[in-house]
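To start, the structure itself, in structure tokens.
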2 protein chains.
Amino acid sequence: MLRGLGDDATVVRARPYAITSIDTMVEGVHFRSAQLSGEEIGHRALAGALSDLAAMGAESGEAYLAVGLPRGSDREQVLAVARGAQALAGEAGVTIAGGDVSAAPALSVCFAVVGWSDDPGELVGRDGAGAGDVVCVTGELGGSGAGLALIEGTARLSDESTAAALRARYARPRPRLAEGRALAQAGASAMIDISDGLAIDAGHLARRSRARLELSLQALPLAAGVREVSAALDREPAAFAAAAGEDYELCFCVPPAGLAAVEAALGELQRGVGFIPVGKVSDGLPGVVFTDGGQALSGYEHQL
Amino acid sequence: MLRGLGDDATVVRARPYAITSIDTMVEGVHFRSAQLSGEEIGHRALAGALSDLAAMGAESGEAYLAVGLPRGSDREQVLAVARGAQALAGEAGVTIAGGDVSAAPALSVCFAVVGWSDDPGELVGRDGAGAGDVVCVTGELGGSGAGLALIEGTARLSDESTAAALRARYARPRPRLAEGRALAQAGASAMIDISDGLAIDAGHLARRSRARLELSLQALPLAAGVREVSAALDREPAAFAAAAGEDYELCFCVPPAGLAAVEAALGELQRGVGFIPVGKVSDGLPGVVFTDGGQALSGYEHQL
């Protein structure tokens with residue numbers, strides 16, 4: 001960073017390709033202040049933006065923050081939002097390089113994030129899935145949705161450490177930046193982050209790739225505690241996990257011959273998460289179908 | 001742009017240095033929908049963000065838009081916001097390269113804008129003003145504030161074409177991108193855009209440069225009609241122009257020996273605006289003083 005705080009704009013040294021995304025979280029729409037600390041609000045907003053860079057396989061660089069503050073905002077809460085974002089930025093190797101604060105009717109946190117690449121051929125879009133590819137997801141699903149149910153009090157878990165882990169999945173999601181880069185370099189053909197839920201996000205990927213994704217509900221990796229929370233909500237656990245958003249895991253496609261490279265690449269990461277195949281890409285009408293238990297999620301295909 | 005619409009993030013070819021700013025305008029805070037068309041709201045929000053790039057002397061590149069929409073938003077209004085921003089982007093040579101739409105309690109329009117430079121030595125910050133420099137402003141001041149008074153009905157002008165020009169200064173401000181680049185290359189030592197009013201923004205420049213700016217109210221270039229509007233508001237015209245914000249002109253400093261180069265550089269621009277000296281940089285305590293009629297603006301120095 002050559003210029004930053006105190007000037008009209010921030011100046012940074014660039015690399016050959018810039019990858020940019022912008023994302024906003026608004027009180028009452030994307031979160032409720034009563035349910036999250038200021039640190040968690042800052043963390044989540046930055047995590048959501050960085051997750052888009054992860055899905056491209058980009059190396060993250062800088063983040064620019066625009067905060068909207070309601071009248072009578074507590075200075076301490078604002079600093080907490082900044083602290084929460086800063087803590088995640090530190091972990092993720094991201095520099096919060098600029099920002100803007102303005103009045104607003106409700107707390108809103110907008111992040112523009114910039115990643116860099118020396119070779120755009122190493123980036124992955126949503127559009128490269130081909131028939132025969134294996135469809136995989138990283139980590140575990142449903143944790144964030146189950147955590148929100150616990151926070152809202154619509155479900156309870158007797159195991160407090162599992163409950164705490166689920167709440168953290170909602171409150172402090174981890175963008176899969178290292179995994180995204182590793183997957184892009186290992187030959188993933190298409191990738192998207194799971195922000196709106198696997199069923200919807202796989203649909204975006206299917207549409208962009210003009211491909212048919214045949215997924216198995218039974219194959220979905222459920223976070224610990226999701227079964228119990230789903231039961232309390234009277235939902236089928238895998239359908240719950242497929243529809244729940246904000247896990248910020250990655251859904252990616254890879255030719256079968258590339259699976260070993262993917263396994264090796266993710267295995268090399270320190271503190272990285274694993275992956276699991278959940279379906280395949282077929283010829284046929286573009287869209288997403290669940291090949292078992294599809295009843296519970298029928299209707300998603302029509303969203304395409 | 002290598003990747004854009006339909007992927008998680010936008011990919012663009014970069015140049016050696018990236019200059020980035022983020023800026024938000026919110027209904028009820030920065031504008032009122034009843035007073036502006038959707039096109040004007042989009043234009044103004046992008047203009048405000050691009051003005052920061054202008055003040056650095058950066059060449060503008062891409063803009064990323066995050067819109068917050070209140071419940072029941074009119075689809076036509078949203079498209080109008082995008083159209084207004086797109087029209088200015090076209091004029092300014094900017095690509096609107098990505099965006100995000102979310103629900104929000106009030107219409108908000110956030111732009112992250114990115115400019116590029118091959119040589120950071122050609123960029124100008126707020127920090128380079130030195131004793132002896134001449135302080136200048138581009139264009140004319142007070143027009144936006146007077147236009148707002150006309151729109152709000154607190155003042156009236158009998159000359160309808162002057163009134164229309166003032167309203168346009170408020171509704172469709174022009175970021176001085178070409179002027180900013182020309183000034184940076186011609187040797188401006190410090191520069192800032194006038195968004196909060198000359199008195200405040202010159203204060204930012206003075207603080208960053210640790211310099212004393214001695215400005216003359218009588219030297220300020222007033223937009224046509226500002227005298228009449230000020231009189232209607234019972235304000236002294238020059239003090240009104242110095243305090244009014246959102247003109248998005250540039251305030252810059254330059255050594256006296258550089259004035260000829262500045263004049264030549266701005267003179268070469270097609271459709272560019274002129275400039276006028278309004279004061280000088282002196283030794284003495286950092287801050288801004290108005291050397292005539294300062295009474296009307298006393299108090300500004302204390303903001304430093």
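Labeling convention for the structure tokens: chains A, B, ... as they appear, residues from 1 per chain, ligands from 1 in order of appearance.
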Could you give me, as an MDAnalysis selection string, the residues within 12 Å of Ala165 (chain B), counting only C-alpha atoms and dropping anything in the same chain fewer than 2 positions from it?
-> chainID B and resid 142:144 146:148 150:151 157 159:163 167:173 223:226
Using backbone DSSP assignments, extract all strand (DSSP E or B) residues from region 66-289 of chain A; output them as JSON, numbers by chain.
-> {"A": [66, 67, 68, 69, 95, 96, 97, 98, 99, 100, 101, 102, 103, 108, 109, 110, 111, 112, 113, 114, 115, 116, 117, 134, 135, 136, 137, 138, 141, 190, 191, 192, 193, 212, 213, 214, 215, 222, 250, 251, 252, 253, 254, 275, 276, 277, 278, 279, 280, 281, 282, 287, 288, 289]}
Those residues you just picked out, can you put them in a file as a compact mmCIF listing (two decimals), in the first residue's frame with N, CA and C atoms?
# COMPACT_ATOMS: atom_id res chain seq x y z
N ALA A 66 -17.33 -0.02 3.49
CA ALA A 66 -18.26 1.11 3.60
C ALA A 66 -19.29 0.74 4.66
N VAL A 67 -19.29 1.49 5.74
CA VAL A 67 -20.21 1.22 6.85
C VAL A 67 -21.30 2.28 6.87
N GLY A 68 -22.54 1.86 7.00
CA GLY A 68 -23.65 2.78 7.23
C GLY A 68 -24.09 2.65 8.68
N LEU A 69 -24.15 3.79 9.35
CA LEU A 69 -24.43 3.77 10.79
C LEU A 69 -25.75 4.45 11.10
N THR A 95 -5.53 -7.02 3.48
CA THR A 95 -5.34 -5.68 4.04
C THR A 95 -6.63 -4.88 3.90
N ILE A 96 -7.16 -4.39 5.02
CA ILE A 96 -8.29 -3.47 4.91
C ILE A 96 -7.69 -2.11 4.58
N ALA A 97 -7.83 -1.72 3.32
CA ALA A 97 -7.00 -0.65 2.77
C ALA A 97 -7.72 0.67 2.62
N GLY A 98 -9.02 0.70 2.89
CA GLY A 98 -9.73 1.96 2.75
C GLY A 98 -11.14 1.80 3.22
N GLY A 99 -11.84 2.92 3.35
CA GLY A 99 -13.20 2.80 3.83
C GLY A 99 -13.93 4.11 3.82
N ASP A 100 -15.19 4.01 4.17
CA ASP A 100 -16.10 5.14 4.14
C ASP A 100 -17.15 4.88 5.21
N VAL A 101 -17.44 5.91 6.00
CA VAL A 101 -18.49 5.78 7.01
C VAL A 101 -19.54 6.83 6.71
N SER A 102 -20.82 6.42 6.70
CA SER A 102 -21.87 7.40 6.48
C SER A 102 -23.05 7.07 7.37
N ALA A 103 -23.93 8.03 7.51
CA ALA A 103 -25.16 7.76 8.23
C ALA A 103 -26.04 6.85 7.38
N SER A 108 -25.29 -1.09 8.12
CA SER A 108 -24.97 -1.87 6.93
C SER A 108 -23.46 -1.90 6.77
N VAL A 109 -22.97 -3.04 6.31
CA VAL A 109 -21.54 -3.25 6.16
C VAL A 109 -21.30 -3.77 4.76
N CYS A 110 -20.68 -2.95 3.94
CA CYS A 110 -20.39 -3.31 2.55
C CYS A 110 -18.89 -3.49 2.40
N PHE A 111 -18.49 -4.60 1.81
CA PHE A 111 -17.08 -4.81 1.51
C PHE A 111 -16.88 -4.98 0.01
N ALA A 112 -15.97 -4.20 -0.55
CA ALA A 112 -15.43 -4.50 -1.87
C ALA A 112 -14.09 -5.18 -1.62
N VAL A 113 -13.91 -6.34 -2.20
CA VAL A 113 -12.66 -7.08 -1.99
C VAL A 113 -11.96 -7.30 -3.32
N VAL A 114 -10.64 -7.21 -3.27
CA VAL A 114 -9.84 -7.35 -4.47
C VAL A 114 -8.82 -8.46 -4.27
N GLY A 115 -8.79 -9.37 -5.20
CA GLY A 115 -7.77 -10.41 -5.20
C GLY A 115 -6.90 -10.26 -6.45
N TRP A 116 -5.84 -11.01 -6.49
CA TRP A 116 -4.88 -10.84 -7.58
C TRP A 116 -4.48 -12.19 -8.15
N SER A 117 -4.10 -12.16 -9.40
CA SER A 117 -3.62 -13.37 -10.05
C SER A 117 -2.57 -13.00 -11.08
N VAL A 134 -17.08 -34.93 -11.77
CA VAL A 134 -17.59 -35.22 -10.43
C VAL A 134 -17.91 -33.88 -9.76
N VAL A 135 -19.05 -33.82 -9.05
CA VAL A 135 -19.42 -32.62 -8.30
C VAL A 135 -19.07 -32.85 -6.83
N CYS A 136 -18.35 -31.92 -6.23
CA CYS A 136 -17.90 -32.10 -4.84
C CYS A 136 -18.24 -30.86 -4.02
N VAL A 137 -18.25 -31.01 -2.72
CA VAL A 137 -18.32 -29.84 -1.84
C VAL A 137 -17.21 -29.96 -0.79
N THR A 138 -16.72 -28.81 -0.36
CA THR A 138 -15.73 -28.80 0.72
C THR A 138 -16.45 -28.81 2.07
N LEU A 141 -22.00 -29.17 5.44
CA LEU A 141 -23.12 -28.28 5.12
C LEU A 141 -24.15 -28.25 6.25
N ALA A 190 -15.14 -26.00 -12.65
CA ALA A 190 -16.11 -24.95 -12.34
C ALA A 190 -16.23 -24.89 -10.83
N MET A 191 -16.56 -23.71 -10.30
CA MET A 191 -16.63 -23.59 -8.84
C MET A 191 -17.56 -22.43 -8.48
N ILE A 192 -18.20 -22.58 -7.32
CA ILE A 192 -19.05 -21.51 -6.79
C ILE A 192 -19.04 -21.64 -5.27
N ASP A 193 -19.23 -20.54 -4.56
CA ASP A 193 -19.30 -20.66 -3.11
C ASP A 193 -20.77 -20.84 -2.70
N ARG A 212 -26.10 -30.39 -16.55
CA ARG A 212 -27.05 -31.00 -15.63
C ARG A 212 -26.27 -31.56 -14.45
N LEU A 213 -26.57 -31.12 -13.27
CA LEU A 213 -25.90 -31.64 -12.08
C LEU A 213 -26.84 -32.60 -11.37
N GLU A 214 -26.41 -33.87 -11.26
CA GLU A 214 -27.20 -34.88 -10.55
C GLU A 214 -26.56 -35.08 -9.20
N LEU A 215 -27.24 -34.60 -8.17
CA LEU A 215 -26.66 -34.62 -6.82
C LEU A 215 -27.39 -35.63 -5.95
N LEU A 222 -22.96 -33.59 6.40
CA LEU A 222 -23.69 -32.75 7.36
C LEU A 222 -22.78 -32.40 8.53
N LEU A 250 -17.33 -24.49 -0.63
CA LEU A 250 -17.22 -24.42 -2.09
C LEU A 250 -17.85 -25.64 -2.72
N CYS A 251 -18.60 -25.44 -3.78
CA CYS A 251 -19.10 -26.52 -4.63
C CYS A 251 -18.28 -26.46 -5.92
N PHE A 252 -17.64 -27.56 -6.26
CA PHE A 252 -16.80 -27.53 -7.47
C PHE A 252 -16.97 -28.80 -8.29
N CYS A 253 -16.60 -28.71 -9.55
CA CYS A 253 -16.63 -29.86 -10.46
C CYS A 253 -15.21 -30.16 -10.89
N VAL A 254 -14.95 -31.42 -11.14
CA VAL A 254 -13.61 -31.82 -11.58
C VAL A 254 -13.76 -33.13 -12.38
N PHE A 275 -12.99 -32.58 1.36
CA PHE A 275 -14.06 -32.47 0.37
C PHE A 275 -14.71 -33.82 0.20
N ILE A 276 -15.85 -33.84 -0.43
CA ILE A 276 -16.54 -35.11 -0.66
C ILE A 276 -17.35 -35.01 -1.95
N PRO A 277 -17.32 -36.08 -2.77
CA PRO A 277 -18.16 -36.07 -3.98
C PRO A 277 -19.63 -36.16 -3.59
N VAL A 278 -20.45 -35.36 -4.24
CA VAL A 278 -21.89 -35.38 -3.94
C VAL A 278 -22.73 -35.60 -5.19
N GLY A 279 -22.07 -35.82 -6.32
CA GLY A 279 -22.86 -36.06 -7.53
C GLY A 279 -21.99 -36.00 -8.76
N LYS A 280 -22.66 -35.93 -9.90
CA LYS A 280 -21.91 -35.87 -11.16
C LYS A 280 -22.61 -34.96 -12.16
N VAL A 281 -21.85 -34.60 -13.18
CA VAL A 281 -22.40 -33.78 -14.26
C VAL A 281 -22.79 -34.72 -15.39
N SER A 282 -24.00 -34.55 -15.90
CA SER A 282 -24.45 -35.43 -16.98
C SER A 282 -24.87 -34.60 -18.20
N GLY A 287 -29.61 -28.03 -15.37
CA GLY A 287 -30.34 -27.85 -14.12
C GLY A 287 -29.73 -28.69 -13.03
N VAL A 288 -30.40 -28.71 -11.89
CA VAL A 288 -29.94 -29.52 -10.76
C VAL A 288 -31.05 -30.50 -10.40
N VAL A 289 -30.70 -31.75 -10.29
CA VAL A 289 -31.67 -32.72 -9.76
C VAL A 289 -31.03 -33.48 -8.62
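Closest to Gly203 (chain B) among B:Gly272, B:Gly145, B:Gly38, B:Pro286 is B:Pro286, based on only C-alpha atoms.
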Would you list the contacts of region 73-90 of chain A as a list of chain:residue names, taking every protein, DNA or RNA residue within 8 Å and counting only C-alpha atoms, but skipping same-chain residues closer than 5 positions in sequence?
-> A:Ser37, A:Gly38, A:Glu39, A:Glu40, A:Ile41, A:Gly42, A:His43, A:Arg44, A:Ala45, A:Leu46, A:Ala47, A:Thr95, A:Ile96
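With distances restricted to only C-alpha atoms, B:Gly125 is the closest residue to chain A from B:Gly72, B:Gly125, B:Gly61, B:Gly267.
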Residues within 8 Å of Ala232 (chain B), only C-alpha atoms, excluding chain neighbours under 4 positions, as a PyMOL selection string = chain B and resi 154-156+228
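Contact shell of Glu268 (chain B) at 12 Å (only C-alpha atoms; same-chain neighbours under 6 positions omitted): Ala178, Glu179, Ala182, Leu183, Ala186, Ala261, Val262 and Gly274 of chain B.
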Please return as a ChimeraX atom specification: the residues of region 85-248 of chain A that backbone DSSP assigns to helix (DSSP H, G or I).
-> /A:85-92,120-122,143-152,160-171,177-186,198-209,217-219,226-232,237-243
Could you give me, as a list in words, the residues within 9 Å of Met56 (chain A), counting only C-alpha atoms and dropping anything in the same chain fewer than 4 positions from it?
->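 Selected residues are Ile19, Ser51, Asp52, Glu122, Leu123, Val124, Gly125, Arg126, Gly180, Arg181, Ala184, Ala190, Met191, Ile192 and Asp193 of chain A; Asp7, Asp8 and Ala9 of chain B.
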Export of the given selection (C-alpha atoms) as an mmCIF file, in the first residue's frame:
data_model
loop_
_atom_site.group_PDB
_atom_site.id
_atom_site.type_symbol
_atom_site.label_atom_id
_atom_site.label_comp_id
_atom_site.auth_asym_id
_atom_site.auth_seq_id
_atom_site.Cartn_x
_atom_site.Cartn_y
_atom_site.Cartn_z
ATOM 1 C CA ILE A 19 -10.413 -10.075 -9.234
ATOM 2 C CA SER A 51 -15.871 -16.194 -0.211
ATOM 3 C CA ASP A 52 -16.491 -14.892 -3.746
ATOM 4 C CA GLU A 122 -5.573 -20.489 -13.093
ATOM 5 C CA LEU A 123 -8.873 -18.836 -12.132
ATOM 6 C CA VAL A 124 -12.107 -20.822 -12.169
ATOM 7 C CA GLY A 125 -15.557 -19.577 -13.086
ATOM 8 C CA ARG A 126 -18.966 -21.129 -12.836
ATOM 9 C CA GLY A 180 -10.243 -22.293 -3.544
ATOM 10 C CA ARG A 181 -6.728 -21.536 -4.738
ATOM 11 C CA ALA A 184 -8.230 -23.942 -9.038
ATOM 12 C CA ALA A 190 -16.109 -24.953 -12.340
ATOM 13 C CA MET A 191 -16.628 -23.588 -8.845
ATOM 14 C CA ILE A 192 -19.054 -21.510 -6.786
ATOM 15 C CA ASP A 193 -19.305 -20.661 -3.111
ATOM 16 C CA ASP B 7 -19.422 -15.287 -11.991
ATOM 17 C CA ASP B 8 -18.651 -14.805 -8.320
ATOM 18 C CA ALA B 9 -16.240 -11.984 -9.040
#
Non-local contacts of Pro16 (chain A) (7 Å; only C-alpha atoms; under 3 positions in same chain excluded) as number ranges by chain = A: 117-118; B: 13-15
Store the residues of this selection in a file with C-alpha atoms, as a short mmCIF file (atom, residue, chain, number, x, y, z; two decimals), in the first residue's frame.
data_model
loop_
_atom_site.label_atom_id
_atom_site.label_comp_id
_atom_site.auth_asym_id
_atom_site.auth_seq_id
_atom_site.Cartn_x
_atom_site.Cartn_y
_atom_site.Cartn_z
CA SER A 117 -3.62 -13.37 -10.05
CA ASP A 118 -0.60 -13.64 -12.30
CA ARG B 13 -6.38 -6.98 -16.62
CA ALA B 14 -4.51 -4.71 -14.23
CA ARG B 15 -1.91 -2.00 -14.62
#
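Comparing A:Leu205, A:Leu220, A:Leu198, A:Ala257 by their smallest distance to chain B, the closest is A:Leu205 (using only C-alpha atoms).
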For CA of Asp23 (chain A) and CA of Gly48 (chain A), the interatomic separation in Å (one decimal) = 7.1 Å
